[in-house]
Amino acid sequence: MRTPHAERRFVAPAAAMVLLCVAACGSGSGDTSGDASDDVRLTMVGWNIAAAEETIAAFEDEHPGVTVEFRPYAYNDYLQALRPALTGNDGPDVFQVQPGGMLTNYEPLAVDLRPHLEESLGAQWQDAYYEAGLEQLAYDDKQAALPGIMSAAGLVYYDQAVLDEAGVEVPTTFDEWETACAAVVATGRQCLAHGAKDAWANIDVFLAVINSDAPGVVYDAIAGDVAWDAPEFVTAATEFVSLFQNGVIAEGAASRAEYPDAFNEFVAGNAAFIALGTWNTAGTMTTEGLALSAEGISGEPSGPFYAAPFPAPQSGNDPTALFGGPDNGWAVSAQSAQPDEAYDLVEFLTHGGGQDVQAELANFPANTEVAISTADVVVPDQVENIEAQQEGLADLVGARQIPYPDLEAALGQALSSIIADPGSIEDALAAVEQVSAGLDR
Amino acid sequence: MTTPSQLTRAADGPGPARARPAGEPARARRRHDRRARLAGFLWLLPALVLVVGVVHVGIVYNAVISTTDWNGIAPTRNPVGLDNYTAILSDDVFLAALRNTAVYAVAVTVLQLGAGLAVAVLVRTQARGRNLLRVLIFVPVVLSPAIIGTTARYLLDQDGALNGLLRAAGLGDLVRPWLADSSFALATLVVITVWQYTGYSFVIYDAAISQVDPATLEAAQIDGAGNLRMFTSVVLPHLRGAHLVLIVLTAISSLKTFDLVMLTTAGGPGTSTELLTLHIYEQTILRFHAGYGAALSLVLVAIALVFAVLQVRLSRLREV
């Protein structure tokens with residue numbers, strides 16, 4: 001006969017097992033929202049949207065009965081969280097993507113937005129967006145995402161106060177830059193604040209160099225039509241590394257991050273230049289944005305700040321045109337149970353009221369009909385500078401992102417190696433070419 | 001002589017044994033034994049489910065993935081046999097990462113144990129401030145690597161505090177960007193790690209030294225042993241277990257190092273600080289090669305396993 005003691009011996013571990021199962025399975029019990037009413041609840045994930053709450057509130061006002069839960073992530077966390085989220089049963093309806101390798105790999109998990117766009121915006125829907133904004137978020141004939149904001153690199157931002165103190169003008173060539181930097185360094189500051197620890201920051205500078213030397217050749221190389229160890233690339237790599245040798249970039253850049261290290265140095269007035277893109281405009285040229293940027297430094301921000309074309313490496317050449325496209329895009333998950341409402345949200349973010357919110361914050365809208373706001377500039381003559389940037393977005397020399405992650409990583413690795421050992425340029429570029437030749441394009 | 005009923009009581013565990021009527025049938029006893037075994041198994045089951053479910057199944061799943069070309073996202077994956085493993089052999093970045101990881105693990109283990117032992121001995125002396133030292137040496141252990149990494153970037157920068165001190169001390173020739181110089185970056189990471197985790201080694205050694213019988217030390221002293229002789233002939237032999245545990249744990253911990261490197265050098269300059277964990281992250285997350293990343297992970301597991309087996313073997317030797 002089973003005694004109470006014996007029963008307890010079984011009950012306790014059995015209860016532990018039940019609790020374990022409940023704990024393990026409970027979190028996946030599913031979303032019960034919507035069972036009490038017809039309200040639609042959308043989930044949206046991303047890493048980079050300014051004024052998310054304001055944007056979502058505006059969307060919810062425009063779409064009664066639809067509520068949006070936004071889950072923001074840090075970029076690196078986002079990369080890891082998005083995979084299981086999109087392949088699981090409880091994933092987001094709308095997710096943010098970056099053009100390039102991220103879009104290439106996540107495109108199969110997004111719906112084609114063309115049918116929605118044709119129905120909502122008409123047959124000429126392409127006219128509503130910058131061409132590059134759509135192109136870089138499309139895969140073959142599929143419009144996998146729509147651009148949230150536009151951005152382009154190929155600029156140096158400069159601190160007018162620092163240049164004035166050093167008594168130098170904005171350089172347009174590397175020779176002028178080297179001379180200007182000597183004067184800046186003599187004031188006890190860095191010249192070009194640069195976070196060479198970040199591969200993307202090095203790639204931006206390299207693209208600015210080669211897009212001045214031989215506009216467009218790098219895109220031929222990305223397409224596999226030109227070798228990465230061709231003479232143009234050796235020249236560009238030599239010019240790139242010269243910035244680390246001639247005093248333009250301070251020693252020790254290889255262990256600095258572009259954000260926050262280099263950016264904070266620039267905002268604090270400890271450096272004359274920083275090579276960033278149009279995404280830097282809101283944080284340096286508007287009162288509200290600059291106040292936010294200044295939270296990373298002690299004391300008041302320097303400035304006023306302006307942007308100029310990245311100097312041409314070779315005298316006689318034009319500086320690079322802007323290169324870039326959509327800073328990021330928004331896609332509808334193929335697993336969304338509410339694809340129509342999810343599309344409404346994406347359209348709002350990329351073409352509707354969401355664009356007005358971004359424009360007000362001095363982010364460059366993806367909708368060609370929305371002008372960036374210059375009402376909050378720090379000093380009035382920044383308006384012309386900002387408007388010139390917006391014009392440049394319509395005439396890009398190419399993309400900023402490389403659509404093949406292996407190639408992008410190889411180029412980043414090569415540039416890091418070249419910085420560490422300038423004598424390794426040819427070997428480093430040969431390694432990039434080896435990766436490029438092995439790509440399945 | 002041990003009787004069957006005594007064995008049964010022993011299996012029941014501690015506590016008063018229940019009396020059984022004489023002549024209880026063997027079948028009832030077997031049923032009782034089965035229940036006892038089942039109860040034990042049920043108690044074990046939750047931990048077993050967690051360990052097997054999270055660790056072992058994960059490793060097996062990883063092994064399966066490592067034989068595919070999966071990108072980590074696509075619903076389909078194609079079998080590629082052992083291609084990912086053969087590709088490892090010609091992966092220059094992997095070979096650099098393996099070399100860096102080995103150098104880093106050995107250097108950290110040796111220095112961290114040496115420093116921890118030195119401090120543990122020091123606080124047993126009559127040195128002034130030894131109690132303060134106990135506290136200070138352990139503080140870095142509880143700091144987040146994110147804080148350590150970010151702070152190190154500023155302190156060890158070309159214009160950072162360390163170089164400022166060197167200049168002030170007239171040692172300007174030594175000034176360099178410690179984390180940005182490919183000749184010094186890995187060594188700098190070793191120093192940061194040793195600085196952070198020496199307190200951990202210290203605690204283990206301190207506990208082990210406290211177990212040394214004072215009478216033994218006193219006897220050695222009476223026999224004329226000096227401090228050095230007492231340390232080498234009495235204290236050190238008592239620390240074999242502590243050495244063993246620390247060597248294995250420090251080596252495995254070094255193999256797993258990721259956050260510090262990610263936050264300070266991201267593997268650069270070039271590949272001078274690329275470690276295996278960083279290479280796995282880059283391949284799996286940034287380059288969408290989940291299959292290849294899984295193969296690299298299994299290589300890392302195999303290396304860690306060597307240390308785990310080593311620990312078990314050496315523990316048994318010690319028991320003998």
# chains A, B, ... in the order shown; residues from 1 in each chain; ligands from 1
>>> residues_around(residues="Tyr259 (chain A)", least_positions_apart="3", cutoff="10 Å", atoms="only C-alpha atoms", output="mmCIF file with all heavy atoms, in the first residue's frame")
data_model
loop_
_atom_site.group_PDB
_atom_site.id
_atom_site.type_symbol
_atom_site.label_atom_id
_atom_site.label_comp_id
_atom_site.auth_asym_id
_atom_site.auth_seq_id
_atom_site.Cartn_x
_atom_site.Cartn_y
_atom_site.Cartn_z
ATOM 1 N N HIS A 194 38.407 60.362 -35.799
ATOM 2 C CA HIS A 194 38.036 59.177 -36.577
ATOM 3 C C HIS A 194 38.098 57.935 -35.694
ATOM 4 O O HIS A 194 39.082 57.723 -34.985
ATOM 5 C CB HIS A 194 38.988 59.023 -37.770
ATOM 6 C CG HIS A 194 38.627 57.880 -38.675
ATOM 7 N ND1 HIS A 194 37.486 57.878 -39.432
ATOM 8 C CD2 HIS A 194 39.254 56.704 -38.935
ATOM 9 C CE1 HIS A 194 37.428 56.748 -40.125
ATOM 10 N NE2 HIS A 194 38.488 56.015 -39.833
ATOM 11 N N GLY A 195 37.053 57.113 -35.753
ATOM 12 C CA GLY A 195 37.005 55.874 -34.984
ATOM 13 C C GLY A 195 37.339 54.695 -35.878
ATOM 14 O O GLY A 195 36.443 54.013 -36.392
ATOM 15 N N ASP A 198 35.922 50.985 -35.917
ATOM 16 C CA ASP A 198 34.689 50.594 -36.611
ATOM 17 C C ASP A 198 34.942 50.452 -38.107
ATOM 18 O O ASP A 198 35.325 51.422 -38.777
ATOM 19 C CB ASP A 198 33.601 51.651 -36.380
ATOM 20 C CG ASP A 198 33.204 51.733 -34.915
ATOM 21 O OD1 ASP A 198 33.222 50.683 -34.243
ATOM 22 O OD2 ASP A 198 32.896 52.837 -34.442
ATOM 23 N N ALA A 201 33.266 52.975 -40.476
ATOM 24 C CA ALA A 201 33.829 54.320 -40.543
ATOM 25 C C ALA A 201 35.004 54.338 -41.537
ATOM 26 O O ALA A 201 35.160 55.292 -42.315
ATOM 27 C CB ALA A 201 34.286 54.764 -39.163
ATOM 28 N N ARG A 256 39.693 53.649 -31.273
ATOM 29 C CA ARG A 256 38.582 54.555 -30.981
ATOM 30 C C ARG A 256 37.373 54.164 -31.811
ATOM 31 O O ARG A 256 37.498 53.775 -32.971
ATOM 32 C CB ARG A 256 38.954 56.005 -31.313
ATOM 33 C CG ARG A 256 40.037 56.553 -30.408
ATOM 34 C CD ARG A 256 40.186 58.057 -30.558
ATOM 35 N NE ARG A 256 41.487 58.418 -29.998
ATOM 36 C CZ ARG A 256 42.506 58.873 -30.709
ATOM 37 N NH1 ARG A 256 42.372 59.073 -32.001
ATOM 38 N NH2 ARG A 256 43.643 59.148 -30.130
ATOM 39 N N ALA A 262 34.920 59.386 -31.205
ATOM 40 C CA ALA A 262 35.279 60.441 -32.153
ATOM 41 C C ALA A 262 34.219 61.540 -32.180
ATOM 42 O O ALA A 262 34.540 62.729 -32.201
ATOM 43 C CB ALA A 262 35.457 59.825 -33.542
ATOM 44 N N PHE A 263 32.970 61.132 -32.155
ATOM 45 C CA PHE A 263 31.885 62.122 -32.238
ATOM 46 C C PHE A 263 31.924 63.074 -31.043
ATOM 47 O O PHE A 263 31.760 64.296 -31.198
ATOM 48 C CB PHE A 263 30.538 61.395 -32.320
ATOM 49 C CG PHE A 263 29.367 62.327 -32.518
ATOM 50 C CD1 PHE A 263 29.194 62.998 -33.720
ATOM 51 C CD2 PHE A 263 28.453 62.532 -31.508
ATOM 52 C CE1 PHE A 263 28.119 63.865 -33.908
ATOM 53 C CE2 PHE A 263 27.375 63.396 -31.685
ATOM 54 C CZ PHE A 263 27.205 64.056 -32.892
ATOM 55 N N ASN A 264 32.143 62.530 -29.865
ATOM 56 C CA ASN A 264 32.195 63.389 -28.673
ATOM 57 C C ASN A 264 33.375 64.362 -28.735
ATOM 58 O O ASN A 264 33.251 65.520 -28.327
ATOM 59 C CB ASN A 264 32.289 62.537 -27.404
ATOM 60 C CG ASN A 264 30.960 61.899 -27.048
ATOM 61 O OD1 ASN A 264 29.932 62.227 -27.646
ATOM 62 N ND2 ASN A 264 30.966 60.984 -26.095
ATOM 63 N N GLU A 265 34.503 63.877 -29.242
ATOM 64 C CA GLU A 265 35.663 64.767 -29.391
ATOM 65 C C GLU A 265 35.314 65.936 -30.311
ATOM 66 O O GLU A 265 35.691 67.084 -30.056
ATOM 67 C CB GLU A 265 36.856 63.989 -29.979
ATOM 68 C CG GLU A 265 37.451 62.938 -29.063
ATOM 69 C CD GLU A 265 38.223 63.554 -27.898
ATOM 70 O OE1 GLU A 265 38.566 64.731 -27.957
ATOM 71 O OE2 GLU A 265 38.460 62.828 -26.914
#
>>> interface_residues(of="chain B", to="chain A", cutoff="8 Å", atoms="only C-alpha atoms", output="PDB file with N, CA, C and O atoms, in the first residue's frame")
ATOM      1  N   ALA B  39      11.777   7.859  -7.648  1.00  0.00           N
ATOM      2  CA  ALA B  39      11.721   9.139  -6.943  1.00  0.00           C
ATOM      3  C   ALA B  39      13.034   9.901  -7.119  1.00  0.00           C
ATOM      4  O   ALA B  39      13.043  11.103  -7.380  1.00  0.00           O
ATOM      5  N   LEU B  42      13.134  11.305 -10.528  1.00  0.00           N
ATOM      6  CA  LEU B  42      12.260  12.472 -10.686  1.00  0.00           C
ATOM      7  C   LEU B  42      12.893  13.727 -10.089  1.00  0.00           C
ATOM      8  O   LEU B  42      12.752  14.824 -10.623  1.00  0.00           O
ATOM      9  N   TRP B  43      13.588  13.542  -8.965  1.00  0.00           N
ATOM     10  CA  TRP B  43      14.269  14.706  -8.377  1.00  0.00           C
ATOM     11  C   TRP B  43      15.369  15.216  -9.308  1.00  0.00           C
ATOM     12  O   TRP B  43      15.638  16.398  -9.407  1.00  0.00           O
ATOM     13  N   LEU B  45      15.348  14.915 -12.546  1.00  0.00           N
ATOM     14  CA  LEU B  45      14.841  15.248 -13.872  1.00  0.00           C
ATOM     15  C   LEU B  45      14.851  16.742 -14.214  1.00  0.00           C
ATOM     16  O   LEU B  45      15.289  17.114 -15.310  1.00  0.00           O
ATOM     17  N   PRO B  46      14.392  17.630 -13.318  1.00  0.00           N
ATOM     18  CA  PRO B  46      14.398  19.052 -13.700  1.00  0.00           C
ATOM     19  C   PRO B  46      15.779  19.547 -14.107  1.00  0.00           C
ATOM     20  O   PRO B  46      15.927  20.210 -15.149  1.00  0.00           O
ATOM     21  N   ASN B  71      22.152  30.043 -43.568  1.00  0.00           N
ATOM     22  CA  ASN B  71      22.564  31.427 -43.308  1.00  0.00           C
ATOM     23  C   ASN B  71      22.014  31.941 -41.977  1.00  0.00           C
ATOM     24  O   ASN B  71      22.225  33.097 -41.618  1.00  0.00           O
ATOM     25  N   GLY B  72      21.278  31.090 -41.270  1.00  0.00           N
ATOM     26  CA  GLY B  72      20.748  31.493 -39.972  1.00  0.00           C
ATOM     27  C   GLY B  72      19.342  32.043 -40.042  1.00  0.00           C
ATOM     28  O   GLY B  72      18.722  32.292 -39.008  1.00  0.00           O
ATOM     29  N   ILE B  73      18.825  32.231 -41.242  1.00  0.00           N
ATOM     30  CA  ILE B  73      17.502  32.837 -41.398  1.00  0.00           C
ATOM     31  C   ILE B  73      16.599  31.986 -42.285  1.00  0.00           C
ATOM     32  O   ILE B  73      15.449  31.745 -41.958  1.00  0.00           O
ATOM     33  N   ALA B  74      17.136  31.575 -43.411  1.00  0.00           N
ATOM     34  CA  ALA B  74      16.320  30.900 -44.425  1.00  0.00           C
ATOM     35  C   ALA B  74      15.661  29.639 -43.869  1.00  0.00           C
ATOM     36  O   ALA B  74      16.237  28.962 -43.013  1.00  0.00           O
ATOM     37  N   ARG B 153      39.406  52.054 -23.025  1.00  0.00           N
ATOM     38  CA  ARG B 153      39.611  52.783 -24.282  1.00  0.00           C
ATOM     39  C   ARG B 153      40.075  54.211 -24.024  1.00  0.00           C
ATOM     40  O   ARG B 153      40.928  54.737 -24.729  1.00  0.00           O
ATOM     41  N   ASP B 157      44.222  55.437 -24.354  1.00  0.00           N
ATOM     42  CA  ASP B 157      44.296  56.178 -25.604  1.00  0.00           C
ATOM     43  C   ASP B 157      45.643  56.920 -25.703  1.00  0.00           C
ATOM     44  O   ASP B 157      46.338  57.094 -24.697  1.00  0.00           O
ATOM     45  N   GLN B 158      45.957  57.346 -26.908  1.00  0.00           N
ATOM     46  CA  GLN B 158      47.191  58.116 -27.100  1.00  0.00           C
ATOM     47  C   GLN B 158      47.249  59.311 -26.142  1.00  0.00           C
ATOM     48  O   GLN B 158      48.299  59.627 -25.592  1.00  0.00           O
ATOM     49  N   ARG B 176      52.463  55.305 -26.208  1.00  0.00           N
ATOM     50  CA  ARG B 176      51.937  54.736 -27.450  1.00  0.00           C
ATOM     51  C   ARG B 176      50.428  54.535 -27.286  1.00  0.00           C
ATOM     52  O   ARG B 176      49.927  54.485 -26.163  1.00  0.00           O
ATOM     53  N   PRO B 177      49.707  54.400 -28.394  1.00  0.00           N
ATOM     54  CA  PRO B 177      48.282  54.071 -28.299  1.00  0.00           C
ATOM     55  C   PRO B 177      48.149  52.578 -27.996  1.00  0.00           C
ATOM     56  O   PRO B 177      48.156  51.755 -28.908  1.00  0.00           O
ATOM     57  N   TRP B 178      48.036  52.224 -26.751  1.00  0.00           N
ATOM     58  CA  TRP B 178      48.231  50.837 -26.323  1.00  0.00           C
ATOM     59  C   TRP B 178      47.311  49.842 -27.016  1.00  0.00           C
ATOM     60  O   TRP B 178      47.721  48.735 -27.352  1.00  0.00           O
ATOM     61  N   LEU B 179      46.071  50.239 -27.221  1.00  0.00           N
ATOM     62  CA  LEU B 179      45.129  49.308 -27.849  1.00  0.00           C
ATOM     63  C   LEU B 179      45.105  49.439 -29.375  1.00  0.00           C
ATOM     64  O   LEU B 179      44.481  48.633 -30.056  1.00  0.00           O
ATOM     65  N   ALA B 180      45.737  50.475 -29.888  1.00  0.00           N
ATOM     66  CA  ALA B 180      45.708  50.701 -31.329  1.00  0.00           C
ATOM     67  C   ALA B 180      47.023  50.315 -31.997  1.00  0.00           C
ATOM     68  O   ALA B 180      47.163  50.445 -33.198  1.00  0.00           O
ATOM     69  N   ASP B 181      47.973  49.868 -31.214  1.00  0.00           N
ATOM     70  CA  ASP B 181      49.269  49.444 -31.753  1.00  0.00           C
ATOM     71  C   ASP B 181      49.239  47.929 -31.877  1.00  0.00           C
ATOM     72  O   ASP B 181      49.119  47.207 -30.872  1.00  0.00           O
ATOM     73  N   SER B 182      49.345  47.433 -33.105  1.00  0.00           N
ATOM     74  CA  SER B 182      49.161  45.988 -33.311  1.00  0.00           C
ATOM     75  C   SER B 182      50.210  45.156 -32.573  1.00  0.00           C
ATOM     76  O   SER B 182      49.994  43.974 -32.311  1.00  0.00           O
ATOM     77  N   THR B 264      36.808  47.103 -27.044  1.00  0.00           N
ATOM     78  CA  THR B 264      38.051  47.869 -27.072  1.00  0.00           C
ATOM     79  C   THR B 264      38.692  47.913 -28.460  1.00  0.00           C
ATOM     80  O   THR B 264      39.040  48.981 -28.942  1.00  0.00           O
ATOM     81  N   THR B 265      38.823  46.785 -29.103  1.00  0.00           N
ATOM     82  CA  THR B 265      39.557  46.758 -30.382  1.00  0.00           C
ATOM     83  C   THR B 265      38.751  46.154 -31.524  1.00  0.00           C
ATOM     84  O   THR B 265      39.143  46.315 -32.681  1.00  0.00           O
ATOM     85  N   ALA B 266      37.679  45.451 -31.215  1.00  0.00           N
ATOM     86  CA  ALA B 266      36.881  44.748 -32.240  1.00  0.00           C
ATOM     87  C   ALA B 266      37.746  43.813 -33.081  1.00  0.00           C
ATOM     88  O   ALA B 266      37.464  43.579 -34.255  1.00  0.00           O
ATOM     89  N   GLY B 268      40.895  44.300 -33.969  1.00  0.00           N
ATOM     90  CA  GLY B 268      41.976  44.972 -34.682  1.00  0.00           C
ATOM     91  C   GLY B 268      43.077  45.429 -33.748  1.00  0.00           C
ATOM     92  O   GLY B 268      43.043  45.081 -32.566  1.00  0.00           O
ATOM     93  N   PRO B 269      44.039  46.169 -34.223  1.00  0.00           N
ATOM     94  CA  PRO B 269      44.247  46.525 -35.628  1.00  0.00           C
ATOM     95  C   PRO B 269      44.576  45.283 -36.470  1.00  0.00           C
ATOM     96  O   PRO B 269      45.305  44.401 -35.995  1.00  0.00           O
ATOM     97  N   GLY B 270      44.078  45.258 -37.688  1.00  0.00           N
ATOM     98  CA  GLY B 270      44.221  44.059 -38.511  1.00  0.00           C
ATOM     99  C   GLY B 270      43.524  42.904 -37.818  1.00  0.00           C
ATOM    100  O   GLY B 270      42.353  43.005 -37.459  1.00  0.00           O
ATOM    101  N   THR B 271      44.256  41.813 -37.617  1.00  0.00           N
ATOM    102  CA  THR B 271      43.693  40.678 -36.866  1.00  0.00           C
ATOM    103  C   THR B 271      44.470  40.473 -35.565  1.00  0.00           C
ATOM    104  O   THR B 271      44.429  39.391 -34.985  1.00  0.00           O
ATOM    105  N   ILE B 285      26.689  36.218 -37.155  1.00  0.00           N
ATOM    106  CA  ILE B 285      25.747  37.336 -37.078  1.00  0.00           C
ATOM    107  C   ILE B 285      25.950  38.341 -38.212  1.00  0.00           C
ATOM    108  O   ILE B 285      24.996  38.736 -38.878  1.00  0.00           O
ATOM    109  N   LEU B 286      27.168  38.749 -38.431  1.00  0.00           N
ATOM    110  CA  LEU B 286      27.398  39.827 -39.394  1.00  0.00           C
ATOM    111  C   LEU B 286      27.494  39.321 -40.832  1.00  0.00           C
ATOM    112  O   LEU B 286      27.172  40.043 -41.765  1.00  0.00           O
ATOM    113  N   ARG B 287      27.978  38.094 -41.004  1.00  0.00           N
ATOM    114  CA  ARG B 287      28.193  37.602 -42.370  1.00  0.00           C
ATOM    115  C   ARG B 287      27.219  36.494 -42.769  1.00  0.00           C
ATOM    116  O   ARG B 287      27.330  35.913 -43.832  1.00  0.00           O
ATOM    117  N   PHE B 288      26.292  36.185 -41.885  1.00  0.00           N
ATOM    118  CA  PHE B 288      25.197  35.256 -42.201  1.00  0.00           C
ATOM    119  C   PHE B 288      25.695  33.865 -42.602  1.00  0.00           C
ATOM    120  O   PHE B 288      25.145  33.238 -43.495  1.00  0.00           O
TER     121      PHE B 288
END
>>> closest_residue(among="A:Leu439, A:Val383, A:Ala307, A:Ala312", to="Phe174 (chain A)", atoms="only C-alpha atoms")
A:Ala312
>>> residues_around(residues="Glu169 (chain A)", least_positions_apart="6", cutoff="10 Å", atoms="only C-alpha atoms", output="list in words")
Gln160, Leu163, Glu176, Trp177 and Ala180 of chain A
>>> write_last_selection(atoms="N, CA and C atoms", output="PDB file, in the first residue's frame")
ATOM      1  N   GLN A 160      33.587  75.423 -37.135  1.00  0.00           N
ATOM      2  CA  GLN A 160      34.083  76.719 -37.602  1.00  0.00           C
ATOM      3  C   GLN A 160      34.917  77.422 -36.535  1.00  0.00           C
ATOM      4  N   LEU A 163      38.419  76.012 -36.692  1.00  0.00           N
ATOM      5  CA  LEU A 163      39.130  76.476 -37.895  1.00  0.00           C
ATOM      6  C   LEU A 163      39.523  77.944 -37.742  1.00  0.00           C
ATOM      7  N   GLU A 176      45.815  70.507 -49.098  1.00  0.00           N
ATOM      8  CA  GLU A 176      45.314  71.613 -48.265  1.00  0.00           C
ATOM      9  C   GLU A 176      44.948  71.107 -46.865  1.00  0.00           C
ATOM     10  N   TRP A 177      44.429  69.899 -46.843  1.00  0.00           N
ATOM     11  CA  TRP A 177      43.988  69.334 -45.562  1.00  0.00           C
ATOM     12  C   TRP A 177      45.174  69.106 -44.636  1.00  0.00           C
ATOM     13  N   ALA A 180      46.248  72.389 -43.302  1.00  0.00           N
ATOM     14  CA  ALA A 180      45.290  72.878 -42.313  1.00  0.00           C
ATOM     15  C   ALA A 180      45.416  72.103 -41.001  1.00  0.00           C
TER      16      ALA A 180
END
>>> residues_around(residues="Ala52 (chain A)", least_positions_apart="5", cutoff="12 Å", atoms="only C-alpha atoms", output="count of residues only")
19
>>> residues_around(residues="Ile402 (chain A)", least_positions_apart="6", cutoff="12 Å", atoms="only C-alpha atoms", output="list in words")
Gln98, Pro99, Gly100, Gly101, Met102, Leu103, Thr104, Gln136, Trp200, Ile203, Asp204, Leu207, Val218, Tyr219, Asp220, Ala221, Ile222, Ala223, Phe323, Gly324, Gly325, Glu408, Ala409, Ala410, Leu411, Gly412 and Ser436 of chain A; Arg287 of chain B
>>> residues_around(residues="Gly172 (chain B)", least_positions_apart="6", cutoff="12 Å", atoms="only C-alpha atoms", output="PyMOL selection string")
chain B and resi 158-159+162-166
>>> residues_around(residues="Ala207 (chain B)", least_positions_apart="5", cutoff="10 Å", atoms="only C-alpha atoms", output="list in words")
Ala120, Phe202, Val212, Leu239 and Ala242 of chain B
>>> select_by_dssp(residues="region 73-294 of chain A", states="alpha helix (DSSP H)", output="ChimeraX atom specification")
/A:75-87,101-106,114-121,131-135,160-166,174-186,199-213,217-222,231-245,263-267,281-285,287-293
>>> select_by_dssp(residues="region 166-415 of chain A", states="strand (DSSP E)", output="JSON, numbers by chain")
{"A": [190, 191, 192, 193, 271, 272, 273, 274, 305, 306, 307, 308, 309, 323, 324, 325, 326, 327, 328, 329, 330, 331, 332, 364, 365]}
>>> atom_distance(atom1="CA of Pro339 (chain A)", atom2="CA of Tyr78 (chain A)")
22.0 Å
>>> atom_distance(atom1="CA of Tyr130 (chain A)", atom2="CA of Leu393 (chain A)")
7.9 Å
>>> closest_residue(among="A:Val248, A:Gly296, A:Asp93, A:Gly277", to="Cys181 (chain A)", atoms="only C-alpha atoms")
A:Val248
>>> atom_distance(atom1="CA of Ala115 (chain B)", atom2="CA of Gly129 (chain B)")
17.3 Å
>>> closest_residue(among="A:Thr286, A:Ser336, A:Thr235, A:Thr55", to="Asp381 (chain A)", atoms="only C-alpha atoms")
A:Thr286
